[in-house]
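Structure first, commentary second.
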Amino acid sequence: MEPKQILKQVFGYDSFRLHQEAAITSFLNGRDVFVLMPTGGGKSLCFQIPALISEGLTVVVSPLIALMKDQVDALRLNGIEAAYINSSMHHYEQAEVEQKALDGKLKMLYVAPERFNLADNSFYSFLKKANVTGFAIDEAHCISHWGHDFRPDYLELSALKKDFPGKPVMALTASADKATRTDIIEKMGLLNPAVYISSFNRENISYAIKNSQTVFEDLLTFLEDNNGKSGIIYTLKRNDTESLAHELTEAGFNAIPYHAGLDSHTRAKHQELFLKDEVPIVVATIAFGMGIDKPNVRFVVHMTLPKNIESYYQETGRAGRDGLPSEAVLYYNRGDVGKLSYFARIEGNEKQTEIMLNKLYQMADFCETVTCRRKFLMNYFGESHPDECGNCDICLSSISVEDYTIEAQKIFSAMVRLDQQFGSYMIADLLRGSKSRKMKPWMRNLKTYGAGQEHPRAKWIQYIDLLLHNGYIKRTRAEMPVLELTEKAWRVLKQNEKVRLRVKKEQHSQLPYRDRNIEYDVSLFEGLRAQRLLLAQKEEVPAFIILSDKTLIELATKKPTKEDQLDNISGFGSVKKGRYGGAFLEVIRQYEKKGRLPDELKFHSKNYKKKRKDRHGKETSSQTTLNMYREGHTIKKISELRAIKESTVMAHLSEFVETGDINPSELVEPAKLKIIYHHLKQEPEQLSRELKDKLGENFTYSDIRIARAAFSSPQIQR
Ligand code: ADP
Ligand code: ZN
């Protein structure tokens, strides 16, 4: 059969992507091949299709046991004979797989690189006997010191071309830079390889950097707007993963922590809950990710700055592998740069330290840039890109040039009077005329003391940051860095030069927070998703291996009710059609006939979402909050006593506003409520984010949350 026919019949796809077809043809012609494709680009098909067409066995080297298992499970569900061998297996299990291969019953065999250790003669002699067609090396950058993920075991693969002469090798990676690329080809000893390099751009991911003063509040709203979707939240420290997961659970979200310090059992369990779509949110350190090949991750949030752009791109790249719109959000706090530079230092290796620090500063530059984020990223990876992508926070918010001369003059003269011996907080406090004890009497006598009452402290700190980023101020390199004026600033002070800066307006309402360009029946989708979960549990595989979200969306759009209509649905190969087609068609048929989902699925799709009430009648956390509120404690007090955030307290109370137990005007001024109701009446479905943009700074997310709860409450007069 032709590659294209296999693509349709076995995998259920209509057309090839990027360089897939060319790579497949070259490999089938017996050539060595090098494939560079971004994550989610579709590397696997490049060797899977040739494997199905060729006579013998294709050996696939993959670094992680978990990945291997998923890939093999996925192949089997498409009716393909594949297996894996790894160190976790018993000898006899291994022998069984090998025998199957020798009998010609396997098309693909997945193995870990350490199998190729020459000391393990038995595997080599097995391979010599087997009818091997060729080798595919996944994550090939692991062979290079230049890559970000060098694995010594991969070096064993250097011998492949010599030990199996004439067998083509395909090396695949998503790792970008040129040095790594050439190094892979050289170390693998590829002979005159066909090289296919696809663009690195991940069009379906939107990038946003936020400088929020109320990060948690902002995060809650983001998660509410994305309710039920799967996502990863990265934090720097292990403890933070646990406390944040706890906070989110308190606030009613279904979230679990993941970090390398958890025992292996918990780790495996949490990973599985996430993979199988049973818990949508995982809060993790960067230990989480390698081996996560989950296609329907809809968002990746960074609570702290990643240490370099490579890591950032890799971590955000875990979103949207299925090609559907996904979001990458980073909460940027300039203070992180200082914290991380501490980690970037490598004892006794100045050169390496400098490289690491430099990478860190580039990461910070990325956050502070006022040009298109995607363009910045692409340029970083050596690709050109047009000025605007239309899908990042910069492109979607307006950039304006503003005059900051007055603010700059005040800041600069405050610095001069403070002898340039302090940091931004002290400068801001001085301008505000702070009464804090840190303000020494001599400071209070300065002319600039209290000269900046017109802006709040946080605003002054932002201005200082802005001037820092624009080169008017610099940080000294001392152990305890302080701020100094640069030549540019002196010109402002002495020659009355104007300070005009490009700034991003804090306005995100254009961001594609929801996949708005896709129109599909959301409740049918939920039902199909529930059906998929049931099937996945029965088969004991992650849900996405049964069908991708993309396929479910297509089903919920085209709503096929007959078997042959499934041929037009991407992702339904012939085996899957036979095995699961009926189950999904049945859901659609019932839904179309009765206008609602079958009851057993409704239960499941609800269950998938966040749980607020404990079914066993135990007092829920929100109930405890309510009781304390009834006892007369303030929100602040409850937050302290319960060690949860104030916004979490408000989230708890909003539940009781919805049930009519609390009058919303106890929590939010009636005038404000009225305004929010007004907006909700016009567009009840709008996201809290958008609402906040319209309402402005005087309204908090908590105000909106309470008003929303009241708005959907049947008891309340609006
Ligand atoms: P990578 O290994 O490059 O990260 P995968 O091989 O896992 O990517 O493919 C990502 C997703 O895209 C998978 O769900 C895969 O089935 C799907 N896919 C691959 N090729 C095609 C294609 N030609 N048409 C539609 N979907 C495809
Ligand atoms: Zn852009």
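By order in the structure tokens, chains are A, B, ...; within a chain, residues start at 1; ligands start at 1, following the order shown.
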
Could I get the residues of chain A with an atom no further than 7 Å from an atom of ligand 2, each paired with its nearest atom pair and that distance in Å to one decimal, using only C-alpha atoms and all ligand atoms, sorted by chain and residue number, as a tab-separated table?
```
residue	atom	partner	partner_atom_place_in_ligand_line	distance
A:Cys372	CA	ligand 2	1 (Zn)	3.7
A:Arg373	CA	ligand 2	1 (Zn)	5.1
A:Arg374	CA	ligand 2	1 (Zn)	5.2
A:Lys375	CA	ligand 2	1 (Zn)	6.6
A:Glu388	CA	ligand 2	1 (Zn)	4.8
A:Cys389	CA	ligand 2	1 (Zn)	3.9
A:Gly390	CA	ligand 2	1 (Zn)	5.0
A:Asn391	CA	ligand 2	1 (Zn)	5.2
A:Cys392	CA	ligand 2	1 (Zn)	4.2
A:Asp393	CA	ligand 2	1 (Zn)	6.8
A:Ile394	CA	ligand 2	1 (Zn)	5.7
A:Cys395	CA	ligand 2	1 (Zn)	4.4
```

**Study point:** Nearby residues, ligand 1, 7 Å, only C-alpha atoms and all ligand atoms, as a PyMOL selection string
**Key:** chain A and resi 13-17+37-45+295+321-322+548

Exercise for review: as a list in words, please: all residues of stretch 285-514 of chain A that backbone DSSP puts in strand (DSSP E).
Suggested key: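 Filtering stretch 285-514 of chain A to strand (DSSP E) leaves Val297, Arg298, Phe299, Val300, Val301, His302, Ser326, Glu327, Ala328, Val329, Leu330, Tyr331, Ile399, Ser400, Val401, Glu402, Asp403, Ile473, Lys474, Arg475, Leu483, Glu484, Leu485, Arg500, Leu501, Arg502, Val503 and Lys504 of chain A.
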
Selected residues, C-alpha atoms, written as a PDB file, in the first residue's frame, please.
```pdb
ATOM      1  CA  VAL A 297      -2.979  19.981  27.378  1.00  0.00           C
ATOM      2  CA  ARG A 298      -4.810  23.270  26.840  1.00  0.00           C
ATOM      3  CA  PHE A 299      -2.655  25.583  28.922  1.00  0.00           C
ATOM      4  CA  VAL A 300       0.744  25.841  30.541  1.00  0.00           C
ATOM      5  CA  VAL A 301       1.175  28.441  33.254  1.00  0.00           C
ATOM      6  CA  HIS A 302       4.534  29.507  34.662  1.00  0.00           C
ATOM      7  CA  SER A 326      -3.797  26.479  23.568  1.00  0.00           C
ATOM      8  CA  GLU A 327      -2.324  29.048  25.893  1.00  0.00           C
ATOM      9  CA  ALA A 328       1.016  29.727  27.499  1.00  0.00           C
ATOM     10  CA  VAL A 329       0.875  32.211  30.358  1.00  0.00           C
ATOM     11  CA  LEU A 330       3.833  33.409  32.378  1.00  0.00           C
ATOM     12  CA  TYR A 331       3.616  35.521  35.519  1.00  0.00           C
ATOM     13  CA  ILE A 399       1.227  49.424  22.193  1.00  0.00           C
ATOM     14  CA  SER A 400       1.510  53.114  22.698  1.00  0.00           C
ATOM     15  CA  VAL A 401       4.281  55.608  23.082  1.00  0.00           C
ATOM     16  CA  GLU A 402       3.827  57.572  26.286  1.00  0.00           C
ATOM     17  CA  ASP A 403       5.568  60.529  27.791  1.00  0.00           C
ATOM     18  CA  ILE A 473      18.800  53.052  35.243  1.00  0.00           C
ATOM     19  CA  LYS A 474      21.090  50.141  35.844  1.00  0.00           C
ATOM     20  CA  ARG A 475      21.580  47.727  38.638  1.00  0.00           C
ATOM     21  CA  LEU A 483      20.167  51.284  41.330  1.00  0.00           C
ATOM     22  CA  GLU A 484      22.325  53.795  39.492  1.00  0.00           C
ATOM     23  CA  LEU A 485      21.627  56.362  36.831  1.00  0.00           C
ATOM     24  CA  ARG A 500       9.105  58.761  25.681  1.00  0.00           C
ATOM     25  CA  LEU A 501       8.632  55.024  26.005  1.00  0.00           C
ATOM     26  CA  ARG A 502       6.801  52.243  24.244  1.00  0.00           C
ATOM     27  CA  VAL A 503       4.429  50.513  26.593  1.00  0.00           C
ATOM     28  CA  LYS A 504       1.936  47.763  26.371  1.00  0.00           C
TER      29      LYS A 504
END
```

Review point. A:Glu407, A:Asp138, A:Glu96, A:Glu250: which is nearest A:Val33, counting only C-alpha atoms?
Key: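 Comparing A:Glu407, A:Asp138, A:Glu96, A:Glu250 against A:Val33, the winner is A:Asp138.
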
Review point. Hey, can you check how far atom CA of A:Leu555 sits from atom CA of A:Phe11?
Key: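 Separation between atom CA of A:Leu555 and atom CA of A:Phe11: 16.2 Å.
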
Can I get the residues of stretch 3-56 of chain A within 12 Å of stretch 103-119 of chain A, each with the closest pair of atoms and their distance in Å to one decimal, using only C-alpha atoms, sorted chain first then ascending number, as CSV?
```
residue,atom,partner,partner_atom,distance
A:Ser44,CA,A:Met108,CA,11.8
A:Phe47,CA,A:Met108,CA,9.5
A:Gln48,CA,A:Met108,CA,7.9
A:Ile49,CA,A:Lys107,CA,10.2
A:Pro50,CA,A:Lys107,CA,9.9
A:Ala51,CA,A:Lys107,CA,6.1
A:Leu52,CA,A:Lys107,CA,6.4
A:Ile53,CA,A:Lys107,CA,9.2
A:Ser54,CA,A:Lys107,CA,8.5
A:Glu55,CA,A:Lys107,CA,8.2
A:Gly56,CA,A:Lys107,CA,6.7
```

Can I get the selection written as a short mmCIF file (atom, residue, chain, number, x, y, z; two decimals), in the first residue's frame, with all heavy atoms?
```cif
data_model
loop_
_atom_site.label_atom_id
_atom_site.label_comp_id
_atom_site.auth_asym_id
_atom_site.auth_seq_id
_atom_site.Cartn_x
_atom_site.Cartn_y
_atom_site.Cartn_z
N SER A 44 6.10 10.84 14.89
CA SER A 44 5.93 9.38 14.96
C SER A 44 5.54 8.75 13.63
O SER A 44 6.07 7.70 13.26
CB SER A 44 4.89 9.01 16.00
OG SER A 44 5.02 9.84 17.12
N PHE A 47 8.19 7.39 10.97
CA PHE A 47 8.76 6.04 10.95
C PHE A 47 7.70 4.94 11.07
O PHE A 47 7.92 3.82 10.65
CB PHE A 47 9.85 5.87 12.03
CG PHE A 47 9.40 6.18 13.43
CD1 PHE A 47 8.73 5.25 14.21
CD2 PHE A 47 9.66 7.43 13.99
CE1 PHE A 47 8.33 5.54 15.50
CE2 PHE A 47 9.26 7.74 15.29
CZ PHE A 47 8.59 6.78 16.04
N GLN A 48 6.53 5.30 11.61
CA GLN A 48 5.51 4.27 11.75
C GLN A 48 4.95 3.83 10.40
O GLN A 48 4.73 2.63 10.18
CB GLN A 48 4.38 4.77 12.66
CG GLN A 48 4.81 4.84 14.12
CD GLN A 48 3.79 5.53 15.02
OE1 GLN A 48 2.88 6.19 14.54
NE2 GLN A 48 3.97 5.38 16.32
N ILE A 49 4.75 4.77 9.51
CA ILE A 49 4.20 4.37 8.20
C ILE A 49 5.19 3.52 7.40
O ILE A 49 4.80 2.46 6.91
CB ILE A 49 3.67 5.61 7.43
CG1 ILE A 49 2.41 6.08 8.16
CG2 ILE A 49 3.38 5.29 5.98
CD1 ILE A 49 1.68 7.23 7.52
N PRO A 50 6.47 3.93 7.30
CA PRO A 50 7.42 3.02 6.63
C PRO A 50 7.45 1.64 7.29
O PRO A 50 7.53 0.62 6.61
CB PRO A 50 8.76 3.72 6.80
CG PRO A 50 8.45 5.14 6.99
CD PRO A 50 7.11 5.20 7.66
N ALA A 51 7.37 1.61 8.61
CA ALA A 51 7.41 0.32 9.31
C ALA A 51 6.27 -0.58 8.85
O ALA A 51 6.44 -1.79 8.72
CB ALA A 51 7.34 0.54 10.81
N LEU A 52 5.11 0.01 8.61
CA LEU A 52 3.96 -0.79 8.19
C LEU A 52 4.09 -1.26 6.75
O LEU A 52 3.58 -2.32 6.38
CB LEU A 52 2.67 0.02 8.35
CG LEU A 52 2.32 0.37 9.78
CD1 LEU A 52 0.98 1.09 9.85
CD2 LEU A 52 2.26 -0.90 10.63
N ILE A 53 4.78 -0.45 5.95
CA ILE A 53 4.90 -0.80 4.54
C ILE A 53 6.01 -1.84 4.32
O ILE A 53 5.87 -2.74 3.51
CB ILE A 53 5.18 0.48 3.70
CG1 ILE A 53 3.94 1.38 3.76
CG2 ILE A 53 5.51 0.12 2.26
CD1 ILE A 53 4.08 2.69 3.03
N SER A 54 7.11 -1.70 5.09
CA SER A 54 8.24 -2.60 4.87
C SER A 54 7.95 -4.01 5.37
O SER A 54 7.07 -4.23 6.18
CB SER A 54 9.49 -2.09 5.59
OG SER A 54 9.58 -0.71 5.48
N GLU A 55 8.80 -4.89 4.91
CA GLU A 55 8.69 -6.30 5.25
C GLU A 55 8.98 -6.59 6.73
O GLU A 55 8.20 -7.18 7.44
CB GLU A 55 9.69 -7.10 4.41
CG GLU A 55 9.15 -7.52 3.06
CD GLU A 55 8.04 -8.54 3.20
OE1 GLU A 55 8.27 -9.54 3.93
OE2 GLU A 55 6.96 -8.34 2.62
N GLY A 56 10.17 -6.16 7.16
CA GLY A 56 10.69 -6.64 8.45
C GLY A 56 10.30 -5.81 9.66
O GLY A 56 9.22 -5.22 9.73
#
```
